[in-house]
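Inspection log for the structure reproduced underneath, given as structure tokens.
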Amino acid sequence: MAIQINNVYKRFGSLTVVNGVSVDIADGEFFVMLGPSGCGKTTTLRMVAGLETASEGQIFIDGRDMTHAEPRHRDIAMAFQDYGLYPNMTVFQNIEFPLKIRKLAPAERRRKVEETAGRLGISDYLGRKPAQMSGGQRQRVSLARALVRNPKVFLMDEPLSNLDAKLRAVMRTEIKKLVTDLGITTIYVTHDQIEAMSMADRIAVMRKGDMVQVAPPLQVYDRPATCFVADFIGSPPMNLFKAELANNGRVVCQVQGFGDALDDGERDRARAMADRHGHFAVGIRPEHLQCVAAGTPGSVEGIVELVEPLGQTTNIYLLSGDTKYVVVTDRTTLRAGDTIGVIAPGDKVRAVGLDR
Amino acid sequence: MASQKPLLSRAIKLAAAYALALIATAFFAFPVFWMSSSSFKSELDISQYPPVWSFAPTFENYAKLASELDAFDAFVNSAVIVGLATTLAMVCGTMAAYALARFDVKGKEVIAFEVLSIRMLPPIVSVIPMFIIARALGIFDTYWLLAAAYGLAGLPFVVWVMRVFIQDIPQSIEEAAMIDGCSRFQTFWRVTLPLLLPGLAATMVIVFMFAWNEFLLASMLTSQNAKTLPVIAANAIKPKAIAWGLASAAGVVMSLPVVVLVLMMQRYLVRGLTLGAVKG
């Protein structure tokens, strides 16, 4: 089922938490809302669920206006960060609950619960209470309870953030596979950029109640709309250098060599996104910068401040003039204090808009 | 053996703990024991000094309680009045507490505090006005008056305590129920209420005990028809002497329902008295 969020606002008193969000989510899409805490992503999700009422705007589910409908009339399922399991019921009763409310026959209920539990690998725990299970198992129960009634829309509110890193990675792939196989339209809220990148068909990056950028993951990564997006996605994040357009159209950059590397297309984009005073940023992903011998033509001179070997890659923290930035390379023999040249390939240098 | 020493010291600690617990229990249980045994003593045995420990038990005090003091009627009065009052306070109080805990009520902190502040009023202050109003309404010396008075007296306590119990249940559990297909009321009935049982049991016992033992209002607002147990028990204290056997028997009869209730609710009470037991 498709979901349309149409110019939705949420205000608590004088505080605007969601600031006119509009987005169309396609049938079967895995849509991730990503942002730091307090950016309005969970509130937006809760308005789709019907747990909060929009102060303004409309929400359509499958073409029907659901802005003011009760949660139970929306045919949605939801997974919560703290699982929201019924502590006094067994796992079986938890999963069965939505079917019971819908007054399905007991035999049918049993069949569906067992089938769903099998799919999620919790068949052996059906007699246990939630308190007797680990966090990962509990989240599986909550997923099973959500999936058992074949919902058309699945909402997930940071379902993995209470799990440890290793389990998170496992559950990430499982959830993605599960909802893709079932073809359920999913809205997934997270503050974890890796979850967003690895699971989403499209990511909406949110900041202060606005959707700053809505695009497929790689596009968000390669062409961040604003400095906030550039800084939020990627680890280490994109290097950003202050830049402005001079009156003659020339780019003046904090590290001039990188500003000069902008190709014509990016220069046009810069013109379009520069603010009233012509300010913008030049952004380069750390892995796109290349270290060469000092003095190589076209390179920017940098002094190595710190080398951080991570095994697979190495972070090199550099200083050019008084500007700090980071390069990600393979293993290296460079040491702090070395002077090297840095080249920014023209096709990897981006013009990035400033945040309002 | 190296492990024997800590084992021994653990045994000593355990024994000491049990001994202390026994002393404490004896301290609190002795008056109850003395009351119960006195209720089965004859006038003569009671007045013995030093007190006698073995005696021929008699039911004469209980018989007198029924014949002289109309204890049976008073027991029924008490049961009806306190039952009504407890039900009233629990049902209204829990629903009010739910609203104050979960809904966006304007100024709900103020309301919650106002409700509690009623508790701060000494009961004696309200007795005279209640007496006059009850006379005017023609409900003096009826079940309704005392039931309403006890219900209203218990209400603030129920609201205040149940609100905390409700707030203690993670909101996501209720939200999950609403998404699973429940209406607000179904959510409350099928999901929230079962989780509240320990809290409800603990609160109910306290409200019941307060109303069951209440004397001041009962003595001022009844005369013949609606007399409760505490009022007739006080009649054992006669102008010339205290009928100890009668008073003890009245005490036993009064204590029994509370004991039974606590035993019935024991399963929930332990969890209810330790707040925060429902967090999964």
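Starting from 1 in every chain, residues are counted up; chains themselves are A, B, ... following the order of the structure tokens, and ligands are numbered from 1 as listed.
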
task = Write out as a ChimeraX atom specification every residue belonging to chain A that has an atom at most 6 Å from any atom of chain B, counting only C-alpha atoms.
result = /A:71-72,84-85,87,98,131

Print the selection's residues with C-alpha atoms to a file, as an mmCIF file, in the first residue's frame.
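Resulting contents of result14.cif:
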data_model
loop_
_atom_site.group_PDB
_atom_site.id
_atom_site.type_symbol
_atom_site.label_atom_id
_atom_site.label_comp_id
_atom_site.auth_asym_id
_atom_site.auth_seq_id
_atom_site.Cartn_x
_atom_site.Cartn_y
_atom_site.Cartn_z
ATOM 1 C CA PRO A 71 -4.624 3.176 14.848
ATOM 2 C CA ARG A 72 -6.751 0.031 14.700
ATOM 3 C CA GLY A 84 6.121 -3.272 23.524
ATOM 4 C CA LEU A 85 5.466 -6.908 24.389
ATOM 5 C CA PRO A 87 4.760 -8.984 29.879
ATOM 6 C CA PRO A 98 -3.885 -9.325 17.184
ATOM 7 C CA ALA A 131 11.099 -11.455 30.561
#

inquiry  = I need the residues in range 47-115 of chain A that are strand (DSSP E or B) according to DSSP; give them as an NGL selection string.
reply    = :A and (56-61 or 64-65 or 76-79)

query = Which residue out of B:Ser67, B:Ser42, B:Ser126, B:Ser117 has the minimum interatomic distance to Trp160 in chain B when only C-alpha atoms are used?
reply =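 With only C-alpha atoms as the atom set, the closest residue is B:Ser117.
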
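For Gln224 in chain B, the set of protein, DNA and RNA residues having any atom at most 12 Å away, when counting only C-alpha atoms and skipping those fewer than 2 positions along the same chain, is B:Leu69, B:Asp70, B:Asp73, B:Ala74, B:Asn77, B:Phe140, B:Asp141, B:Thr142, B:Tyr143, B:Ala218, B:Ser219, B:Met220, B:Leu221, B:Thr222, B:Ala226, B:Lys227, B:Thr228, B:Val231, B:Ile232.
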
message = To test your reading of the structure, identify every residue in range 2-242 of chain B that backbone DSSP assigns to helix (DSSP H, G or I), and report it as a PyMOL selection string.
response = chain B and resi 4-39+43-46+60-69+71-102+108-118+123-137+143-167+171-179+184-213+216-221+229-234

inquiry  = Just checking: using only C-alpha atoms, which residue out of B:Pro51, B:Pro156, B:Pro57, B:Pro123 ends up closest to Ala97 in chain B?
reply    =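 Residue with the minimum atom-to-atom distance to Ala97 in chain B: B:Pro156.
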
inquiry  = At a cut-off of 10 Å, using only C-alpha atoms, what residues contact range 301-306 of chain A? Leave out same-chain residues fewer than 6 positions from it and give the result as a list in words.
reply    =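 So, after excluding close chain neighbours, the residues are Val255, Gly257, Cys291, Val292, Ala293, Ala294, Gly295, Asn315, Ile316, Tyr317, Leu318, Leu319, Ser320, Gly321, Thr323, Lys324, Tyr325, Val326, Leu334, Arg335, Ala336, Gly337, Asp338, Thr339, Ile340, Gly341, Val342 and Ile343 of chain A.
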
Next, the residues of the selection above should be written as a PDB file, in the first residue's frame with N, CA and C atoms.
ATOM      1  N   VAL A 255      40.328  25.688   1.140  1.00  0.00           N
ATOM      2  CA  VAL A 255      41.535  25.088   0.572  1.00  0.00           C
ATOM      3  C   VAL A 255      41.399  25.257  -0.937  1.00  0.00           C
ATOM      4  N   GLY A 257      42.937  24.700  -3.616  1.00  0.00           N
ATOM      5  CA  GLY A 257      43.182  23.611  -4.563  1.00  0.00           C
ATOM      6  C   GLY A 257      41.959  22.727  -4.740  1.00  0.00           C
ATOM      7  N   CYS A 291      46.519  10.419  -1.643  1.00  0.00           N
ATOM      8  CA  CYS A 291      47.790  10.919  -1.130  1.00  0.00           C
ATOM      9  C   CYS A 291      48.879  10.686  -2.182  1.00  0.00           C
ATOM     10  N   VAL A 292      49.615  11.737  -2.488  1.00  0.00           N
ATOM     11  CA  VAL A 292      50.747  11.614  -3.432  1.00  0.00           C
ATOM     12  C   VAL A 292      51.970  12.280  -2.809  1.00  0.00           C
ATOM     13  N   ALA A 293      53.099  12.198  -3.537  1.00  0.00           N
ATOM     14  CA  ALA A 293      54.315  12.828  -3.023  1.00  0.00           C
ATOM     15  C   ALA A 293      54.134  14.334  -2.990  1.00  0.00           C
ATOM     16  N   ALA A 294      54.716  14.978  -1.977  1.00  0.00           N
ATOM     17  CA  ALA A 294      54.614  16.428  -1.857  1.00  0.00           C
ATOM     18  C   ALA A 294      55.158  17.066  -3.132  1.00  0.00           C
ATOM     19  N   GLY A 295      54.495  18.134  -3.594  1.00  0.00           N
ATOM     20  CA  GLY A 295      54.974  18.863  -4.746  1.00  0.00           C
ATOM     21  C   GLY A 295      54.452  18.323  -6.064  1.00  0.00           C
ATOM     22  N   ASN A 315      42.829   5.913   8.605  1.00  0.00           N
ATOM     23  CA  ASN A 315      42.432   7.327   8.569  1.00  0.00           C
ATOM     24  C   ASN A 315      43.675   8.185   8.755  1.00  0.00           C
ATOM     25  N   ILE A 316      43.886   9.116   7.829  1.00  0.00           N
ATOM     26  CA  ILE A 316      45.006  10.043   7.973  1.00  0.00           C
ATOM     27  C   ILE A 316      44.432  11.440   8.169  1.00  0.00           C
ATOM     28  N   TYR A 317      44.741  12.031   9.329  1.00  0.00           N
ATOM     29  CA  TYR A 317      44.241  13.374   9.620  1.00  0.00           C
ATOM     30  C   TYR A 317      45.280  14.383   9.156  1.00  0.00           C
ATOM     31  N   LEU A 318      44.840  15.308   8.299  1.00  0.00           N
ATOM     32  CA  LEU A 318      45.777  16.230   7.651  1.00  0.00           C
ATOM     33  C   LEU A 318      45.448  17.673   8.004  1.00  0.00           C
ATOM     34  N   LEU A 319      46.466  18.514   7.792  1.00  0.00           N
ATOM     35  CA  LEU A 319      46.316  19.947   8.027  1.00  0.00           C
ATOM     36  C   LEU A 319      46.873  20.670   6.807  1.00  0.00           C
ATOM     37  N   SER A 320      46.019  21.448   6.148  1.00  0.00           N
ATOM     38  CA  SER A 320      46.494  22.304   5.051  1.00  0.00           C
ATOM     39  C   SER A 320      46.193  23.730   5.439  1.00  0.00           C
ATOM     40  N   GLY A 321      47.226  24.561   5.576  1.00  0.00           N
ATOM     41  CA  GLY A 321      47.021  25.888   6.146  1.00  0.00           C
ATOM     42  C   GLY A 321      46.493  25.671   7.560  1.00  0.00           C
ATOM     43  N   THR A 323      43.325  24.393   7.950  1.00  0.00           N
ATOM     44  CA  THR A 323      42.138  23.578   7.741  1.00  0.00           C
ATOM     45  C   THR A 323      42.448  22.105   7.977  1.00  0.00           C
ATOM     46  N   LYS A 324      41.633  21.498   8.816  1.00  0.00           N
ATOM     47  CA  LYS A 324      41.819  20.071   9.095  1.00  0.00           C
ATOM     48  C   LYS A 324      40.865  19.250   8.251  1.00  0.00           C
ATOM     49  N   TYR A 325      41.310  18.093   7.799  1.00  0.00           N
ATOM     50  CA  TYR A 325      40.426  17.170   7.102  1.00  0.00           C
ATOM     51  C   TYR A 325      41.017  15.772   7.195  1.00  0.00           C
ATOM     52  N   VAL A 326      40.302  14.800   6.644  1.00  0.00           N
ATOM     53  CA  VAL A 326      40.740  13.427   6.831  1.00  0.00           C
ATOM     54  C   VAL A 326      40.721  12.691   5.484  1.00  0.00           C
ATOM     55  N   LEU A 334      53.045   6.365   6.186  1.00  0.00           N
ATOM     56  CA  LEU A 334      53.103   7.773   6.593  1.00  0.00           C
ATOM     57  C   LEU A 334      53.095   7.894   8.112  1.00  0.00           C
ATOM     58  N   ARG A 335      53.750   8.956   8.596  1.00  0.00           N
ATOM     59  CA  ARG A 335      53.765   9.185  10.045  1.00  0.00           C
ATOM     60  C   ARG A 335      53.454  10.636  10.336  1.00  0.00           C
ATOM     61  N   ALA A 336      53.027  10.888  11.538  1.00  0.00           N
ATOM     62  CA  ALA A 336      52.711  12.258  11.934  1.00  0.00           C
ATOM     63  C   ALA A 336      53.916  13.149  11.649  1.00  0.00           C
ATOM     64  N   GLY A 337      53.648  14.337  11.092  1.00  0.00           N
ATOM     65  CA  GLY A 337      54.709  15.276  10.797  1.00  0.00           C
ATOM     66  C   GLY A 337      55.152  15.243   9.347  1.00  0.00           C
ATOM     67  N   ASP A 338      54.846  14.137   8.622  1.00  0.00           N
ATOM     68  CA  ASP A 338      55.219  14.062   7.201  1.00  0.00           C
ATOM     69  C   ASP A 338      54.458  15.116   6.402  1.00  0.00           C
ATOM     70  N   THR A 339      55.077  15.597   5.354  1.00  0.00           N
ATOM     71  CA  THR A 339      54.386  16.507   4.439  1.00  0.00           C
ATOM     72  C   THR A 339      54.108  15.756   3.140  1.00  0.00           C
ATOM     73  N   ILE A 340      52.849  15.802   2.701  1.00  0.00           N
ATOM     74  CA  ILE A 340      52.486  15.065   1.489  1.00  0.00           C
ATOM     75  C   ILE A 340      51.645  15.948   0.576  1.00  0.00           C
ATOM     76  N   GLY A 341      51.360  15.440  -0.615  1.00  0.00           N
ATOM     77  CA  GLY A 341      50.447  16.120  -1.521  1.00  0.00           C
ATOM     78  C   GLY A 341      49.112  15.388  -1.516  1.00  0.00           C
ATOM     79  N   VAL A 342      48.001  16.144  -1.681  1.00  0.00           N
ATOM     80  CA  VAL A 342      46.678  15.527  -1.720  1.00  0.00           C
ATOM     81  C   VAL A 342      45.974  15.955  -2.996  1.00  0.00           C
ATOM     82  N   ILE A 343      45.446  14.971  -3.729  1.00  0.00           N
ATOM     83  CA  ILE A 343      44.741  15.284  -4.967  1.00  0.00           C
ATOM     84  C   ILE A 343      43.262  14.964  -4.810  1.00  0.00           C
TER      85      ILE A 343
END

Distance query Phe30 in chain A at most 8 Å, only C-alpha atoms, self and fewer than 3 positions along chain excluded, as a list in words = Thr180, Thr185, Thr186, Ile187, Tyr188, Met199, Ala200, Asp201 and Arg202 of chain A

request  = Do a neighbour search on Gly311 in chain A at 12 Å with only C-alpha atoms, toss out local chain neighbours closer than 5 positions, and write the hits as a VMD selection string.
outcome  = chain A and resid 328 to 332
